[in-house]
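For reference, the structure is listed below as structure tokens.
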Number of protein chains: 4
Amino acid sequence: MSIVLGPYQYGKAEIRLVRIVRDTPRHEITDLNVSTALRGDFSGAYLDGDQRTSLPTDSQKNTAYVWAKKLNPDPIEAYGLSLAHHFVDDVGPVEGARIEIERFDWTRVTIDGRPHDHTFVRTGQEVRTAAITLEPGATHVVQGFKDLIVLKSTGSHYRDFLVEEYTTLRPTDDRILATSLTAKWRVTEPSADLDWNAMYAGVMAVMLEQFATLDSSALQETLWHMGRAALEAYPEIAEIRLVAPNKHHFEVDFSRFDEDNHNEVFHADDRPYGLIQASALREGAAPAGDAWLDYTGSV
Amino acid sequence: MSIVLGPYQYGKAEIRLVRIVRDTPRHEITDLNVSTALRGDFSGAYLDGDQRTSLPTDSQKNTAYVWAKKLNPDPIEAYGLSLAHHFVDDVGPVEGARIEIERFDWTRVTIDGRPHDHTFVRTGQEVRTAAITLEPGATHVVQGFKDLIVLKSTGSHYRDFLVEEYTTLRPTDDRILATSLTAKWRVTEPSADLDWNAMYAGVMAVMLEQFATLDSSALQETLWHMGRAALEAYPEIAEIRLVAPNKHHFEVDFSRFDEDNHNEVFHADDRPYGLIQASALREGAAPAGDAWLDYTGSV
Amino acid sequence: MSIVLGPYQYGKAEIRLVRIVRDTPRHEITDLNVSTALRGDFSGAYLDGDQRTSLPTDSQKNTAYVWAKKLNPDPIEAYGLSLAHHFVDDVGPVEGARIEIERFDWTRVTIDGRPHDHTFVRTGQEVRTAAITLEPGATHVVQGFKDLIVLKSTGSHYRDFLVEEYTTLRPTDDRILATSLTAKWRVTEPSADLDWNAMYAGVMAVMLEQFATLDSSALQETLWHMGRAALEAYPEIAEIRLVAPNKHHFEVDFSRFDEDNHNEVFHADDRPYGLIQASALREGAAPAGDAWLDYTGSV
Amino acid sequence: MSIVLGPYQYGKAEIRLVRIVRDTPRHEITDLNVSTALRGDFSGAYLDGDQRTSLPTDSQKNTAYVWAKKLNPDPIEAYGLSLAHHFVDDVGPVEGARIEIERFDWTRVTIDGRPHDHTFVRTGQEVRTAAITLEPGATHVVQGFKDLIVLKSTGSHYRDFLVEEYTTLRPTDDRILATSLTAKWRVTEPSADLDWNAMYAGVMAVMLEQFATLDSSALQETLWHMGRAALEAYPEIAEIRLVAPNKHHFEVDFSRFDEDNHNEVFHADDRPYGLIQASALREGAAPAGDAWLDYTGSV
């Protein structure tokens with residue numbers, strides 16, 4: 001049995017790019033972490049060290065910067081689509097491109113009751129994400145966020161679970177439910193003209209409403225309803241994937257002290273943590289193709 | 001020359017403690033990282049392994065939890081003062097105590113236009129800090145924050161600096177000024193009754209105003225004016241210390257491309273970074289004693 | 001179009017488990033980070049909050065600890081296989097299991113020229129990894145490591161690459177080549193009896209030899225030859241996947257100083273970095289099935 | 001009461017510098033993280049934005065690179081002394097300098113049984129550190145390390161401690177003792193000619209011997225004996241400071257399972273952790289002056 005070259009891709013990861021729009025005294029800021037990956041026949045570089053068809057990752061970096069000037073990278077999805085098309089359309093050997101973007105949020109500082117023209121403070125816990133994929137015959141955008149830390153201090157129980165030899169957990173009718181949520185949703189027929197910022201805010205709002213108002217029997221159930229609600233609200237969304245660590249808050253045992261503790265004082269534990277993954281799909285939606293083929297994540 | 005035991009202290013670090021006030025349907029949350037250190041004659045533990053006068057760090061942890069029930073730990077400074085007094089007053093061999101607290105900020109989620117009763121999202125970039133120190137004859141509180149990332153996209157220059165053999169930097173009349181600020185201020189005559197939350201918000205506002213409005217010749221100058229303004233606004237503050245990495249944003253060189261870049265596209269660099277330290281003092285203020293003697297920091 | 005539940009899984013992540021074998025005065029230590037995920041029909045938990053078929057993640061944690069007693073978890077692959085079989089064979093609703101393990105390396109401290117019986121220091125840069133997957137009809141083991149930082153100070157060039165409008169990089173005939181390597185290889189017909197520790201050491205040695213001795217035209221070429229050589233040395237390996245950030249070391253420009261720099265003084269940059277992914281396959285090997293379906297990684 | 005400028009300093013932090021000695025085919029590598037701070041009268045920069053006496057941090061960075069060419073930065077202490085003297089002696093307004101260095105360890109890869117000439121793998125858990133301080137009339141060097149993770153699986157107990165109202169811990173006659181040690185020792189009459197590498201290895205060996213062989217009643221006792229032994233072995237050392245988190249390993253409770261656990265299976269907990277600080281002093285040693293005045297640490 002012979003040994004052959006398998007799948008590959010390459011690019012520049014974590015280009016930390018800040019774009020200031022300063023056409024008026026009221027500046028705008030967009031703060032990004034951009035990663036680019038190219039796909040195509042670069043087998044010569046791997047098998048023989050032949051770089052003649054390989055665009056250096058340094059050039060990819062330069063291009064990401066120039067593109068942030070050509071068009072203000074807000075929304076990030078439109079920027080990513082344009083950058084991906086450039087690589088595929090303008091650079092000969094490139095057949096596919098993947099652009100992954102993280103966006104960090106800034107808010108204007110308030111001075112004398114008014115938002116300041118050019119001073120900003122970094123805000124927000126979550127990081128907005130986008131993954132743009134061009135493959136022959138298809139274009140994909142996955143919008144999302146990571147690290148949204150959300151907690152409800154009641155309205156969550158956990159009981160009537162499977163019990164076997166190694167089960168020592170006791171059921172609870174009232175507990176803290178907390179997670180650091182990652183959510184990513186794939187948009188059908190993505191175009192630069194879509195109102196991506198409105199969709200982002202809308203999906204966030206719909207999911208937070210489910211988290212807050214659902215009387216939760218488990219993080220699994222909460223995740224499903226968050227995903228389902230997002231798809232119901234936005235017909236453009238083909239599917240959504242959620243990853244949620246169960247950030248355990250353990251009620252501290254006061255039984256040996258002269259105090260009681262009725263779900264008032266908790267130890268926020270680090271590790272281990274439950275890790276729940278869920279997804280919701282729209283039946284009949286366009287196929288995902290390479291939309292979920294990560295670049296900066298795992299192989 | 002003989003070898004002797006030098007300074008020492010010990011305690012429990014990073015007690016991750018969440019307190020929910022749930023007396024009404026509208027819950028309140030306080031999310032803390034508490035560290036305790038005891039000072040006194042524990043030389044037996046070091047020299048001979050004699051633990052008879054040493055309170056286990058596990059007991060210190062328990063106490064931090066119980067104290068979060070006895071009094072709602074908001075403001076954190078009042079909680080820290082009470083906890084420190086307990087160790088010094090109620091535990092025989094303890095002569096001094098140091099309580100260091102980090103507070104993580106949460107905001108209510110808005111559902112149907114109204115803040116939700118028991119669902120919160122973690123917000124804010126900066127972490128509020130407090131360091132409470134009891135030593136024989138003195139009580140100190142240092143209030144502060146860390147990791148406040150703030151940026152101005154104009155109103156900063158850097159020129160007319162010392163030039164010698166190894167200087168290659170060129171002066172600039174307009175640059176991004178950005179930092180991740182740590183600030184700590186020592187309060188004279190600290191008491192549990194002080195309106196600590198108002199002081200925190202007030203100092204933050206005063207410092208941000210200076211950052212935004214001062215036409216900056218250097219981060220050094222900006223820091224001095226931030227500290228000075230805080231002391232002018234709050235006579236209770238004896239001194240303030242500021243640590244500020246200069247988060248360099250380098251204008252990307254477009255000279256070889258068919259684009260120009262007039263302070264519009266920047267590379268946000270990681271390392272190295274300038275690191276500027278400054279302090280402002282009120283002449284004649286009460287001495288600092290052990291107020292700045294860290295526990296969880298360096299030796 | 002209706003909305004349906006898509007793929008899901010759940011389990012306990014990052015169980016930090018230390019196993020001491022102390023049957024003789026010469027102790028052995030195994031230090032692990034274990035994550036478990038269960039697969040099967042748990043749709044009730046997601047759709048209706050019905051936990052009756054769901055084994056709590058807390059019970060999974062307990063089981064991982066007990067299994068570390070039942071059999072010493074060295075090699076980690078045999079431990080993971082046994083634990084996965086327990087979940088699938090002994091817990092009714094479970095149809096598949098994924099066990100991901102990180103192993104941290106410890107070395108005996110040398111005292112008076114001899115390895116000490118029960119004192120160890122944590123060593124090694126890289127973390128050994130294993131991923132065990134049971135699905136109906138198939139068993140998979142992926143052995144590997146991450147964070148192996150390796151550098152060669154010569155024997156690497158980069159030239160004759162594609163040049164276009166945004167290319168400013170200059171070719172080099174001699175550069176530092178450095179990476180923080182992640183490698184994972186899938187083993188056909190995995191069994192608990194295989195000499196996993198020998199295979200791990202062997203693959204590591206083969207890959208390091210390629211890294212050191214190949215005159216490298218690009219990181220792509222180096223990765224391919226590392227993977228190819230591993231498959232040639234071990235017929236049991238069906239495929240190998242490599243992820244390698246190009247840790248750029250930039251020669252510092254001394255042209256304005258009274259010193260020269262011939263590849264002697266470098267700035268080790270953080271971000272951005274080239275990111276190269278490669279794989280080598282054995283033609284005709286058994287199919288991968290769910291072997292690469294991560295748990296603690298991305299969705 | 002008037003408000004005045006207090007203590008200040010400024011410099012460049014975290015210059016990631018790699019030096020290759022390539023005079024022969026057998027290369028040498030030194031991998032450093034260098035931080036520089038200047039002290040003197042720079043009040044103009046703070047009070048008035050007057051930079052005329054301030055050497056830019058960018059120039060300090062350039063100088064650190066050039067100095068790594070002028071002399072191979074091994075040992076790091078000699079490099080730091082030379083660099084500090086340059087700033088104080090050659091740059092007019094500078095009156096004092098602080099150089100902090102981290103050194104990352106690399107080992108030659110073994111190929112065909114022989115150490116390779118130019119291929120290295122990053123090794124070692126701990127990071128070697130040095131802090132060089134020049135102040136008017138005094139020169140200080142503090143040698144040390146951080147992040148040395150060391151564990152003994154027996155030979156440690158904890159009992160007969162102070163018990164009060166909030167004590168629930170039970171005494172133990174046999175436990176795991178583990179820490180991630182930071183140690184820093186001040187050397188009297190430091191000179192570039194001292195055999196710094198031998199001292200580093202020697203202090204490490206002496207301390208590890210104490211850790212391994214002392215039957216420990218508490219981490220406090222272990223730390224004292226480690227420090228004391230270092231001072232006994234090296235008369236050049238004036239004092240040593242140790243910071244040691246007690247990395248708790250909790251025996252997992254198997255009482256409800258059909259297994260026993262006699263100090264065999266542990267949960268390695270993250271937070272909270274005991275934090276123990278100790279120091280040993282040589283009576284009559286030269287005073288410390290600014291030797292312990294951190295730059296990259298706290299204010």
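Identifiers in this document derive from the order of the structure tokens: chains are assigned A, B, ..., residues are numbered from 1 separately in each chain, and ligands are numbered from 1 in order of occurrence.
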Chain fit of chain B to chain D, all Cα atoms, as a compact mmCIF listing (two decimals) with C-alpha atoms, in the first residue's frame:
```
# COMPACT_ATOMS: atom_id res chain seq x y z
CA MET B 1 -2.15 69.62 50.61
CA SER B 2 -0.58 69.68 47.18
CA ILE B 3 -0.39 66.81 44.71
CA VAL B 4 3.03 65.76 43.46
CA LEU B 5 4.54 63.27 41.06
CA GLY B 6 5.55 60.09 42.88
CA PRO B 7 7.87 57.25 41.86
CA TYR B 8 7.99 56.33 38.19
CA GLN B 9 9.99 54.31 35.70
CA TYR B 10 9.55 53.32 32.08
CA GLY B 11 11.04 50.98 29.51
CA LYS B 12 10.41 48.23 26.98
CA ALA B 13 8.89 45.01 28.17
CA GLU B 14 9.08 41.51 26.70
CA ILE B 15 11.63 41.86 23.94
CA ARG B 16 11.59 38.32 22.51
CA LEU B 17 15.17 37.80 21.44
CA VAL B 18 16.82 34.68 20.03
CA ARG B 19 20.60 34.60 19.63
CA ILE B 20 22.28 31.96 17.48
CA VAL B 21 26.04 31.45 17.74
CA ARG B 22 27.05 30.00 14.39
CA ASP B 23 30.79 30.39 14.24
CA THR B 24 31.09 26.63 13.77
CA PRO B 25 28.64 24.10 12.34
CA ARG B 26 27.63 23.28 15.88
CA HIS B 27 25.27 26.16 16.61
CA GLU B 28 24.31 27.42 20.07
CA ILE B 29 20.93 28.97 20.89
CA THR B 30 19.92 31.43 23.62
CA ASP B 31 16.21 32.28 23.78
CA LEU B 32 15.25 35.25 25.94
CA ASN B 33 12.46 37.54 26.97
CA VAL B 34 14.14 40.82 27.97
CA SER B 35 12.59 43.83 29.68
CA THR B 36 14.38 47.12 30.29
CA ALA B 37 13.46 49.98 32.62
CA LEU B 38 15.18 53.30 33.07
CA ARG B 39 15.25 55.35 36.25
CA GLY B 40 16.37 58.96 36.69
CA ASP B 41 14.88 62.42 36.35
CA PHE B 42 12.32 62.07 33.62
CA SER B 43 9.81 64.29 35.40
CA GLY B 44 9.57 66.55 32.37
CA ALA B 45 8.03 63.75 30.35
CA TYR B 46 5.38 63.18 33.00
CA LEU B 47 4.63 66.75 34.03
CA ASP B 48 5.00 68.65 30.76
CA GLY B 49 5.27 66.05 28.01
CA ASP B 50 8.88 67.09 27.53
CA GLN B 51 10.68 64.08 26.01
CA ARG B 52 14.09 65.70 25.58
CA THR B 53 15.71 63.63 28.32
CA SER B 54 13.74 60.44 27.65
CA LEU B 55 15.26 57.65 25.59
CA PRO B 56 12.39 56.09 23.60
CA THR B 57 11.50 52.54 24.55
CA ASP B 58 12.02 51.70 20.90
CA SER B 59 15.70 52.67 21.25
CA GLN B 60 15.97 50.52 24.36
CA LYS B 61 14.68 47.60 22.32
CA ASN B 62 17.22 48.22 19.58
CA THR B 63 19.97 48.34 22.16
CA ALA B 64 18.93 45.04 23.71
CA TYR B 65 19.23 43.42 20.27
CA VAL B 66 22.61 44.99 19.50
CA TRP B 67 23.96 43.97 22.89
CA ALA B 68 22.98 40.37 22.17
CA LYS B 69 25.34 40.56 19.22
CA LYS B 70 28.16 42.37 20.99
CA LEU B 71 28.28 39.67 23.60
CA ASN B 72 26.58 36.29 23.44
CA PRO B 73 23.90 36.59 26.14
CA ASP B 74 24.99 33.46 28.01
CA PRO B 75 25.07 33.67 30.95
CA ILE B 76 22.15 36.03 30.99
CA GLU B 77 23.41 37.78 34.12
CA ALA B 78 26.58 39.03 32.39
CA TYR B 79 24.51 40.25 29.43
CA GLY B 80 22.13 42.09 31.73
CA LEU B 81 24.94 43.72 33.65
CA SER B 82 26.57 44.98 30.46
CA LEU B 83 23.29 46.28 29.06
CA ALA B 84 22.41 48.04 32.31
CA HIS B 85 25.84 49.66 32.48
CA HIS B 86 25.44 50.92 28.94
CA PHE B 87 22.18 52.69 29.77
CA VAL B 88 23.56 54.25 32.94
CA ASP B 89 27.05 55.07 31.67
CA ASP B 90 26.37 56.07 28.07
CA VAL B 91 22.93 57.66 28.03
CA GLY B 92 23.10 61.01 29.72
CA PRO B 93 20.03 61.41 31.89
CA VAL B 94 19.80 57.78 32.97
CA GLU B 95 20.69 57.26 36.64
CA GLY B 96 19.53 53.72 37.18
CA ALA B 97 18.50 50.73 35.12
CA ARG B 98 16.60 47.53 35.66
CA ILE B 99 16.94 44.58 33.30
CA GLU B 100 14.64 41.61 33.77
CA ILE B 101 15.29 38.47 31.76
CA GLU B 102 13.49 35.19 31.25
CA ARG B 103 15.43 32.36 29.62
CA PHE B 104 13.72 29.46 27.88
CA ASP B 105 15.60 26.18 27.77
CA TRP B 106 16.33 24.24 24.58
CA THR B 107 17.98 20.84 24.17
CA ARG B 108 19.63 19.39 21.10
CA VAL B 109 17.60 16.77 19.28
CA THR B 110 19.30 13.37 19.23
CA ILE B 111 19.67 11.93 15.72
CA ASP B 112 21.35 8.56 15.25
CA GLY B 113 22.41 8.64 18.86
CA ARG B 114 24.17 11.98 18.63
CA PRO B 115 23.09 15.52 19.56
CA HIS B 116 22.31 17.37 16.36
CA ASP B 117 24.33 20.42 15.36
CA HIS B 118 21.52 22.86 14.70
CA THR B 119 18.19 21.31 15.70
CA PHE B 120 16.73 21.95 19.12
CA VAL B 121 13.59 21.14 21.06
CA ARG B 122 12.22 23.38 23.77
CA THR B 123 12.45 21.60 27.09
CA GLY B 124 12.07 22.12 30.73
CA GLN B 125 9.10 23.26 32.64
CA GLU B 126 10.74 26.02 34.61
CA VAL B 127 11.85 29.37 33.20
CA ARG B 128 15.16 30.75 34.43
CA THR B 129 15.02 34.39 35.47
CA ALA B 130 17.44 37.20 36.25
CA ALA B 131 16.92 40.76 37.48
CA ILE B 132 19.82 43.17 37.19
CA THR B 133 19.58 46.53 38.94
CA LEU B 134 21.96 49.46 38.77
CA GLU B 135 21.34 52.30 41.17
CA PRO B 136 23.76 55.05 42.16
CA GLY B 137 26.42 53.34 44.25
CA ALA B 138 25.15 49.80 44.00
CA THR B 139 24.76 46.88 41.61
CA HIS B 140 22.38 44.00 42.25
CA VAL B 141 21.69 40.67 40.61
CA VAL B 142 18.79 38.46 41.58
CA GLN B 143 18.99 35.04 39.98
CA GLY B 144 16.08 32.63 40.00
CA PHE B 145 13.44 30.60 38.25
CA LYS B 146 9.68 30.31 38.04
CA ASP B 147 7.15 27.60 37.19
CA LEU B 148 9.17 24.64 38.46
CA ILE B 149 6.45 22.07 38.99
CA VAL B 150 7.59 19.47 41.51
CA LEU B 151 5.67 16.77 43.36
CA LYS B 152 6.30 14.12 45.96
CA SER B 153 3.81 11.30 46.29
CA THR B 154 4.60 10.55 49.92
CA GLY B 155 6.76 11.92 52.74
CA SER B 156 4.36 14.76 53.55
CA HIS B 157 1.77 15.08 56.31
CA TYR B 158 -0.38 17.86 57.74
CA ARG B 159 -1.74 17.59 61.30
CA ASP B 160 -1.94 19.26 64.71
CA PHE B 161 -2.96 22.55 63.16
CA LEU B 162 -5.03 25.31 64.74
CA VAL B 163 -8.70 24.35 64.87
CA GLU B 164 -11.49 26.89 65.31
CA GLU B 165 -15.09 27.45 64.33
CA TYR B 166 -14.60 27.28 60.58
CA THR B 167 -12.13 24.43 60.44
CA THR B 168 -13.40 21.33 58.67
CA LEU B 169 -10.14 19.97 57.27
CA ARG B 170 -9.08 16.60 58.64
CA PRO B 171 -5.45 15.86 59.43
CA THR B 172 -3.54 13.53 57.15
CA ASP B 173 -0.42 11.45 57.73
CA ASP B 174 0.33 10.94 54.07
CA ARG B 175 -0.46 13.24 51.20
CA ILE B 176 0.81 14.45 47.87
CA LEU B 177 2.87 17.62 48.17
CA ALA B 178 3.09 19.56 44.93
CA THR B 179 3.88 23.11 43.94
CA SER B 180 4.84 25.35 41.05
CA LEU B 181 7.83 27.02 42.61
CA THR B 182 9.16 30.52 42.08
CA ALA B 183 12.55 31.17 43.70
CA LYS B 184 14.76 34.25 43.54
CA TRP B 185 18.07 34.74 45.27
CA ARG B 186 20.15 37.90 45.61
CA VAL B 187 23.87 37.59 45.03
CA THR B 188 26.31 39.87 46.83
CA GLU B 189 29.12 41.46 44.85
CA PRO B 190 27.77 40.31 41.50
CA SER B 191 30.21 40.46 38.61
CA ALA B 192 30.11 39.33 35.01
CA ASP B 193 32.86 36.83 35.76
CA LEU B 194 30.92 34.77 38.25
CA ASP B 195 30.01 31.28 37.03
CA TRP B 196 26.31 32.05 36.93
CA ASN B 197 25.29 28.89 35.11
CA ALA B 198 27.01 26.70 37.71
CA MET B 199 25.39 28.62 40.54
CA TYR B 200 21.97 28.21 38.92
CA ALA B 201 22.38 24.47 38.57
CA GLY B 202 23.79 24.18 42.07
CA VAL B 203 21.00 26.06 43.80
CA MET B 204 18.43 24.06 41.89
CA ALA B 205 20.05 20.78 42.95
CA VAL B 206 20.29 21.78 46.60
CA MET B 207 16.68 22.87 46.74
CA LEU B 208 15.35 19.77 45.00
CA GLU B 209 17.27 17.59 47.44
CA GLN B 210 15.56 19.30 50.36
CA PHE B 211 12.15 19.00 48.73
CA ALA B 212 12.66 15.30 48.12
CA THR B 213 14.28 14.21 51.36
CA LEU B 214 12.67 16.32 54.07
CA ASP B 215 9.79 14.56 55.79
CA SER B 216 7.44 17.52 55.44
CA SER B 217 5.07 18.79 58.13
CA ALA B 218 3.89 21.62 55.89
CA LEU B 219 4.86 23.42 52.72
CA GLN B 220 6.08 26.23 54.99
CA GLU B 221 8.69 23.97 56.56
CA THR B 222 9.77 22.57 53.20
CA LEU B 223 10.26 26.05 51.76
CA TRP B 224 12.32 27.24 54.71
CA HIS B 225 14.66 24.28 54.44
CA MET B 226 15.01 24.72 50.68
CA GLY B 227 16.00 28.36 51.18
CA ARG B 228 18.25 27.69 54.14
CA ALA B 229 20.12 24.97 52.28
CA ALA B 230 20.72 27.24 49.30
CA LEU B 231 22.28 29.89 51.51
CA GLU B 232 24.42 27.32 53.27
CA ALA B 233 25.72 25.97 50.00
CA TYR B 234 26.43 29.38 48.44
CA PRO B 235 27.99 32.04 50.68
CA GLU B 236 27.55 34.53 47.83
CA ILE B 237 23.79 34.47 48.32
CA ALA B 238 22.52 37.18 50.66
CA GLU B 239 18.88 36.15 50.70
CA ILE B 240 16.35 33.99 48.91
CA ARG B 241 12.62 34.41 48.43
CA LEU B 242 10.20 31.62 47.64
CA VAL B 243 6.60 31.70 46.46
CA ALA B 244 4.79 28.38 46.31
CA PRO B 245 1.17 27.65 45.50
CA ASN B 246 0.06 24.49 47.25
CA LYS B 247 -1.24 22.55 44.27
CA HIS B 248 -3.87 20.52 46.05
CA HIS B 249 -4.31 16.89 45.03
CA PHE B 250 -7.50 15.60 46.65
CA GLU B 251 -7.91 11.87 47.15
CA VAL B 252 -11.11 10.94 45.32
CA ASP B 253 -13.79 9.53 47.60
CA PHE B 254 -14.55 5.95 46.54
CA SER B 255 -16.62 5.07 49.62
CA ARG B 256 -19.80 4.64 47.59
CA PHE B 257 -18.15 2.45 44.96
CA ASP B 258 -16.94 -1.11 44.99
CA GLU B 259 -13.32 0.04 44.99
CA ASP B 260 -10.93 1.40 47.56
CA ASN B 261 -8.53 4.31 47.15
CA HIS B 262 -5.47 4.42 49.37
CA ASN B 263 -3.78 7.57 48.08
CA GLU B 264 -3.83 6.20 44.57
CA VAL B 265 -6.33 8.29 42.58
CA PHE B 266 -6.39 12.06 43.00
CA HIS B 267 -8.21 15.05 41.60
CA ALA B 268 -5.68 17.78 40.79
CA ASP B 269 -7.61 20.93 41.65
CA ASP B 270 -7.12 24.34 40.04
CA ARG B 271 -8.50 26.91 42.45
CA PRO B 272 -8.38 27.93 45.22
CA TYR B 273 -4.91 26.98 46.29
CA GLY B 274 -2.86 27.64 49.37
CA LEU B 275 -0.17 30.21 48.68
CA ILE B 276 2.91 30.12 50.87
CA GLN B 277 5.66 32.73 50.87
CA ALA B 278 8.95 32.31 52.68
CA SER B 279 12.41 33.82 52.74
CA ALA B 280 15.80 33.10 54.23
CA LEU B 281 18.33 35.83 55.04
CA ARG B 282 22.02 35.86 55.78
CA GLU B 283 22.58 38.10 58.77
CA GLY B 284 24.89 40.99 58.06
CA ALA B 285 24.65 40.75 54.29
CA ALA B 286 24.84 43.88 52.18
CA PRO B 287 21.52 45.75 52.03
CA ALA B 288 19.09 45.01 49.21
CA GLY B 289 18.56 48.57 48.01
CA ASP B 290 16.41 48.47 44.87
CA ALA B 291 17.29 44.87 44.10
CA TRP B 292 13.70 43.71 44.61
CA LEU B 293 12.01 46.69 42.94
CA ASP B 294 10.18 44.91 40.13
CA TYR B 295 9.67 46.32 36.72
CA THR B 296 7.39 43.99 34.84
CA GLY B 297 5.60 42.86 37.97
CA SER B 298 3.41 45.03 40.12
CA VAL B 299 3.78 48.76 40.59
```
Open item on the list: From a backbone DSSP assignment, name each residue in range 76-281 of chain A labelled strand (DSSP E), as an MDAnalysis selection string.
Closed with: chainID A and resid 94:104 106:111 114:122 127:135 138:152 177:187 237:246 249:251 265:268 273:281
Open item on the list: Based on the backbone DSSP call, show me all residues of range 88-247 of chain A assigned helix (DSSP H, G or I), as a ChimeraX atom specification.
Closed with: /A:88-90,196-213,219-233
